[in-house]
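Beneath this line is the structure, given in structure tokens, with notes to follow.
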Amino acid sequence: MKRPAQSVGLTRATCTVFAKELRVEFRSFELLTSTIVFALIVVFVFSFAFNPSPADSRRFGAGFLWIALLFASSLMLQPSFTRERTNDTLAALVLAPIDPFAIIAGKLFANFFFLVCVELILLPAFSVLYNVPLLGVIGPLAGVMLLGTFGIATVGTVFAAISSQARMRELLLPLLLLPALVPLLIACTGATMGLLGETAELPFSWLAVMICFDLIFFTAAWLFGGFLLEE
Amino acid sequence: MATETKNDAAPQAVASIIVAAMIGAAIYGAFIWAPTEKTMGFLQRIFYFHAASGEVMLLAFCVVFIGNIGYLMRRKPEWDWLATSGVEVGLVFNTISLVTGPIWAKPAWGIWWDWDARLTSTFVLWILYISYLLLRRLIENPEKRAVVSAVFGVFAFLDVPLVYFSIWWWRTQHPPPLIFKSGGLSPEMLKVFLFSMAALSALMVMMIWRRYKLESLRHSVEELRIEAEYQNEGGAK
């Protein structure tokens, strides 16, 4: 099928989809509240499983934090496509005379925004529960969190579009997503661990891995994401 | 369609015999002809199949990537058949290298498994491509299945270098490849290694070819089934 001429530019279309995602979520706050509660539960449960001392927290805290985020995001990302199914609204979005990547990008930025909201609650809770002072490194930590979250949102949104077309989609997304995010998890944990350590330094090799990951997969999403929306 | 398959039988038989002979020769070379390594002893001989299947696995996953990109660009089902054949065959070699690795590692390193770059990235690849097959099973519509799995395949393939380098920076214990450097393999060992790599590559090509034929037959059966159903419905009216 030949697409009609695109009457709206990519940026404007992306912003419209982004605003629509936020509006849908802010009507109920269903996704955000359940994800925040889930992420808090994961961080909470880790402390029972490992009973970490303050030194352990500095060493393993980064891992707890990122695993909590990863699990939470594998739950949170799925509805961005499945909730369009209820009224078949995705078909309506696809029919709009816009670049199909705008739909993926709009959802991607919305998911990024939601994940950042989760982190805004999760980080202080983590700092208090594990006695890890974060205020001194808040600037570089914010950079690491944003880069890591952008990577999760990029791959996660594309994989949510993939798994939403299959049976058992809720189970499938974590199966596809978690192994693909291994390099990002290593880099994010490494960078965060460096910041939480005694010397509080930011290892630039991990930053480089995160930037490469984000760039490669955002480009791939831009090049190939549109194929997933064909009817 | 039936004649086409019949014509294929003779070349396939010849290819099977050649590949079987090559594998036989590689086994002879690896276990009898090649000299025994000084420090690791007889154990080192597993390397001719372990390292070679690792390389062949990467080749097979390159075929998958080509199939994925080909399908997304051209939209011909043949590219999808190539990709799915490549994944299945690649996974066989992936499994071989994952199983033979610990058999070698336990006596050599004293541990079955270590989270080093190549081991871990091979394991991540295994999980990624198992998920690829799982994804294909969970989508019924063949065209949708082809598109969706092609996009996933591209993402999985792009992940490979990132997985490798991130784990490499994280920690590494795997012996670095010494094959082409001085102080690495003796000339006989190198010959056997290159030959077993060629033999396993030939096996891979043959398996992909056969699997591709199977997929094309499945496709024609499906088409015939749909046609028959259509005609039955027409007859009923």
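Scheme for the structure tokens: letters A, B, ... for chains in order shown; per-chain residue numbers from 1; ligand numbers from 1 in order shown.
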
Which residues of chain A have any atom within 8 Å of an atom in chain B when counting only C-alpha atoms, and what is the closest pair of atoms for each, with the distance in Å to one decimal? Order the rows by chain and rising number and write it as CSV.
```
residue,atom,partner,partner_atom,distance
A:Phe159,CA,B:Phe152,CA,7.5
A:Ile162,CA,B:Val148,CA,5.9
A:Ser163,CA,B:Leu135,CA,7.7
A:Gln165,CA,B:Ile139,CA,6.9
A:Ala166,CA,B:Ile139,CA,4.8
A:Arg167,CA,B:Leu138,CA,5.2
A:Met168,CA,B:Leu138,CA,7.4
A:Leu172,CA,B:Leu135,CA,7.5
A:Leu175,CA,B:Ser131,CA,6.6
A:Leu176,CA,B:Ser131,CA,6.0
A:Pro179,CA,B:Val124,CA,6.1
A:Ala180,CA,B:Asp159,CA,6.5
A:Val182,CA,B:Val163,CA,6.6
A:Pro183,CA,B:Val163,CA,4.8
A:Ile186,CA,B:Ser166,CA,6.7
A:Ala187,CA,B:Ser166,CA,6.8
A:Val209,CA,B:Ser166,CA,6.9
A:Phe213,CA,B:Leu162,CA,7.2
A:Ile216,CA,B:Leu158,CA,7.8
A:Phe217,CA,B:Phe155,CA,7.5
A:Ala220,CA,B:Phe155,CA,7.3
A:Phe224,CA,B:Val151,CA,6.4
A:Gly225,CA,B:Val151,CA,7.5
A:Phe227,CA,B:Val147,CA,7.0
A:Leu228,CA,B:Val148,CA,6.2
```

Write the residues of the preceding selection, restricted to N, CA and C atoms, as a compact mmCIF listing (two decimals), in the first residue's frame.
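Wrote selection_16.txt, looks like this:
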```
# COMPACT_ATOMS: atom_id res chain seq x y z
N PHE A 159 10.54 -3.71 21.13
CA PHE A 159 10.23 -5.10 21.46
C PHE A 159 8.78 -5.24 21.95
N ILE A 162 6.93 -5.61 18.91
CA ILE A 162 7.13 -6.97 18.39
C ILE A 162 6.24 -7.95 19.16
N SER A 163 6.35 -7.93 20.49
CA SER A 163 5.66 -8.96 21.26
C SER A 163 4.15 -8.75 21.26
N GLN A 165 2.35 -8.46 18.88
CA GLN A 165 1.76 -9.14 17.73
C GLN A 165 1.73 -10.65 17.90
N ALA A 166 2.22 -11.12 19.06
CA ALA A 166 2.31 -12.57 19.26
C ALA A 166 1.35 -13.02 20.36
N ARG A 167 1.17 -14.34 20.44
CA ARG A 167 0.43 -14.87 21.59
C ARG A 167 1.32 -14.80 22.82
N MET A 168 0.75 -14.92 23.99
CA MET A 168 1.49 -14.91 25.27
C MET A 168 2.41 -13.69 25.37
N LEU A 172 6.27 -12.94 26.76
CA LEU A 172 7.30 -12.89 25.71
C LEU A 172 8.21 -11.67 25.85
N LEU A 175 11.27 -12.06 27.94
CA LEU A 175 12.15 -13.05 27.32
C LEU A 175 12.99 -12.42 26.21
N LEU A 176 12.37 -11.53 25.44
CA LEU A 176 13.09 -10.89 24.34
C LEU A 176 13.99 -9.77 24.88
N PRO A 179 17.66 -10.44 27.66
CA PRO A 179 18.98 -10.75 27.08
C PRO A 179 19.52 -9.64 26.18
N ALA A 180 18.61 -8.95 25.46
CA ALA A 180 19.10 -7.89 24.57
C ALA A 180 19.66 -6.71 25.36
N VAL A 182 21.45 -6.93 28.05
CA VAL A 182 22.64 -7.32 28.83
C VAL A 182 23.78 -6.28 28.74
N PRO A 183 24.17 -5.83 27.52
CA PRO A 183 25.28 -4.86 27.49
C PRO A 183 24.95 -3.57 28.23
N ILE A 186 25.16 -4.14 32.00
CA ILE A 186 26.56 -4.17 32.46
C ILE A 186 27.12 -2.75 32.56
N ALA A 187 26.86 -1.95 31.50
CA ALA A 187 27.41 -0.60 31.48
C ALA A 187 26.79 0.27 32.56
N VAL A 209 29.89 2.92 26.28
CA VAL A 209 29.04 1.78 25.91
C VAL A 209 27.58 2.22 25.88
N PHE A 213 25.19 2.17 22.67
CA PHE A 213 23.96 1.38 22.72
C PHE A 213 22.76 2.24 22.31
N ILE A 216 23.01 3.27 18.50
CA ILE A 216 22.80 2.16 17.56
C ILE A 216 21.33 1.76 17.54
N PHE A 217 20.74 1.61 18.72
CA PHE A 217 19.38 1.09 18.73
C PHE A 217 18.34 2.16 18.39
N ALA A 220 18.46 2.02 14.71
CA ALA A 220 17.80 0.81 14.22
C ALA A 220 16.28 0.95 14.35
N PHE A 224 14.00 0.56 11.17
CA PHE A 224 13.21 -0.67 11.03
C PHE A 224 11.91 -0.69 11.84
N GLY A 225 11.77 0.25 12.79
CA GLY A 225 10.59 0.23 13.67
C GLY A 225 9.28 0.35 12.90
N PHE A 227 8.36 -0.86 10.17
CA PHE A 227 7.89 -2.12 9.58
C PHE A 227 6.92 -2.85 10.51
N LEU A 228 7.08 -2.61 11.82
CA LEU A 228 6.28 -3.36 12.79
C LEU A 228 4.84 -2.89 12.83
```

inquiry  = What's around Ala30 (chain B) at 8 Å? Count only C-alpha atoms, leave out sequence neighbours fewer than 5 positions away in its own chain, and write the answer as a list in words.
reply    = Arg45, Ile46, Tyr48, Val192, Phe193 and Ser196 of chain B

Write a file of the just-selected residues containing N, CA and C atoms, as a CSV table (one decimal), in the first residue's frame.
```csv
chain,number,residue,atom,x,y,z
B,45,ARG,N,42.5,-31.4,22.1
B,45,ARG,CA,41.9,-31.8,20.8
B,45,ARG,C,40.5,-31.4,20.6
B,46,ILE,N,39.8,-31.2,21.7
B,46,ILE,CA,38.4,-30.7,21.6
B,46,ILE,C,38.3,-29.4,20.9
B,48,TYR,N,39.5,-28.3,18.2
B,48,TYR,CA,39.3,-28.3,16.8
B,48,TYR,C,37.8,-28.2,16.5
B,192,VAL,N,44.8,-28.8,10.7
B,192,VAL,CA,43.7,-29.5,11.2
B,192,VAL,C,42.5,-28.6,11.6
B,193,PHE,N,42.9,-27.5,12.2
B,193,PHE,CA,41.9,-26.5,12.7
B,193,PHE,C,41.2,-25.9,11.5
B,196,SER,N,39.0,-28.5,9.9
B,196,SER,CA,37.7,-28.8,10.6
B,196,SER,C,36.8,-27.6,10.5
```

task = Excluding Ile36 (chain A) and any residue of its chain fewer than 5 positions from it, enumerate the residues within 9 Å of it, using only C-alpha atoms, and give them as a list in words.
result = Leu31, Ile41, Ala72, Cys117, Val118, Glu119, Ile121 and Leu122 of chain A

query = Rounded to one decimal in Å, what is the spacing between CA of Phe112 (chain A) and CA of Leu146 (chain A)?
reply =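 Going from CA of Phe112 (chain A) over to CA of Leu146 (chain A), I get 8.6 Å.
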
request  = Could you please write out, as a list in words, every residue of region 140-170 of chain A that DSSP assigns to helix (DSSP H, G or I)?
outcome  =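 Across region 140-170 of chain A, those assigned helix (DSSP H, G or I) are Pro140, Leu141, Ala142, Gly143, Val144, Met145, Leu146, Leu147, Gly148, Thr149, Phe150, Gly151, Ile152, Ala153, Thr154, Val155, Gly156, Thr157, Val158, Phe159, Ala160, Ala161, Ile162, Ser163, Arg169 and Glu170 of chain A.
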
Given only C-alpha atoms as the counted atoms, nearest of B:Ala117, B:Leu194, B:Ala199, B:Met73 to Ala20 (chain B) = B:Ala199
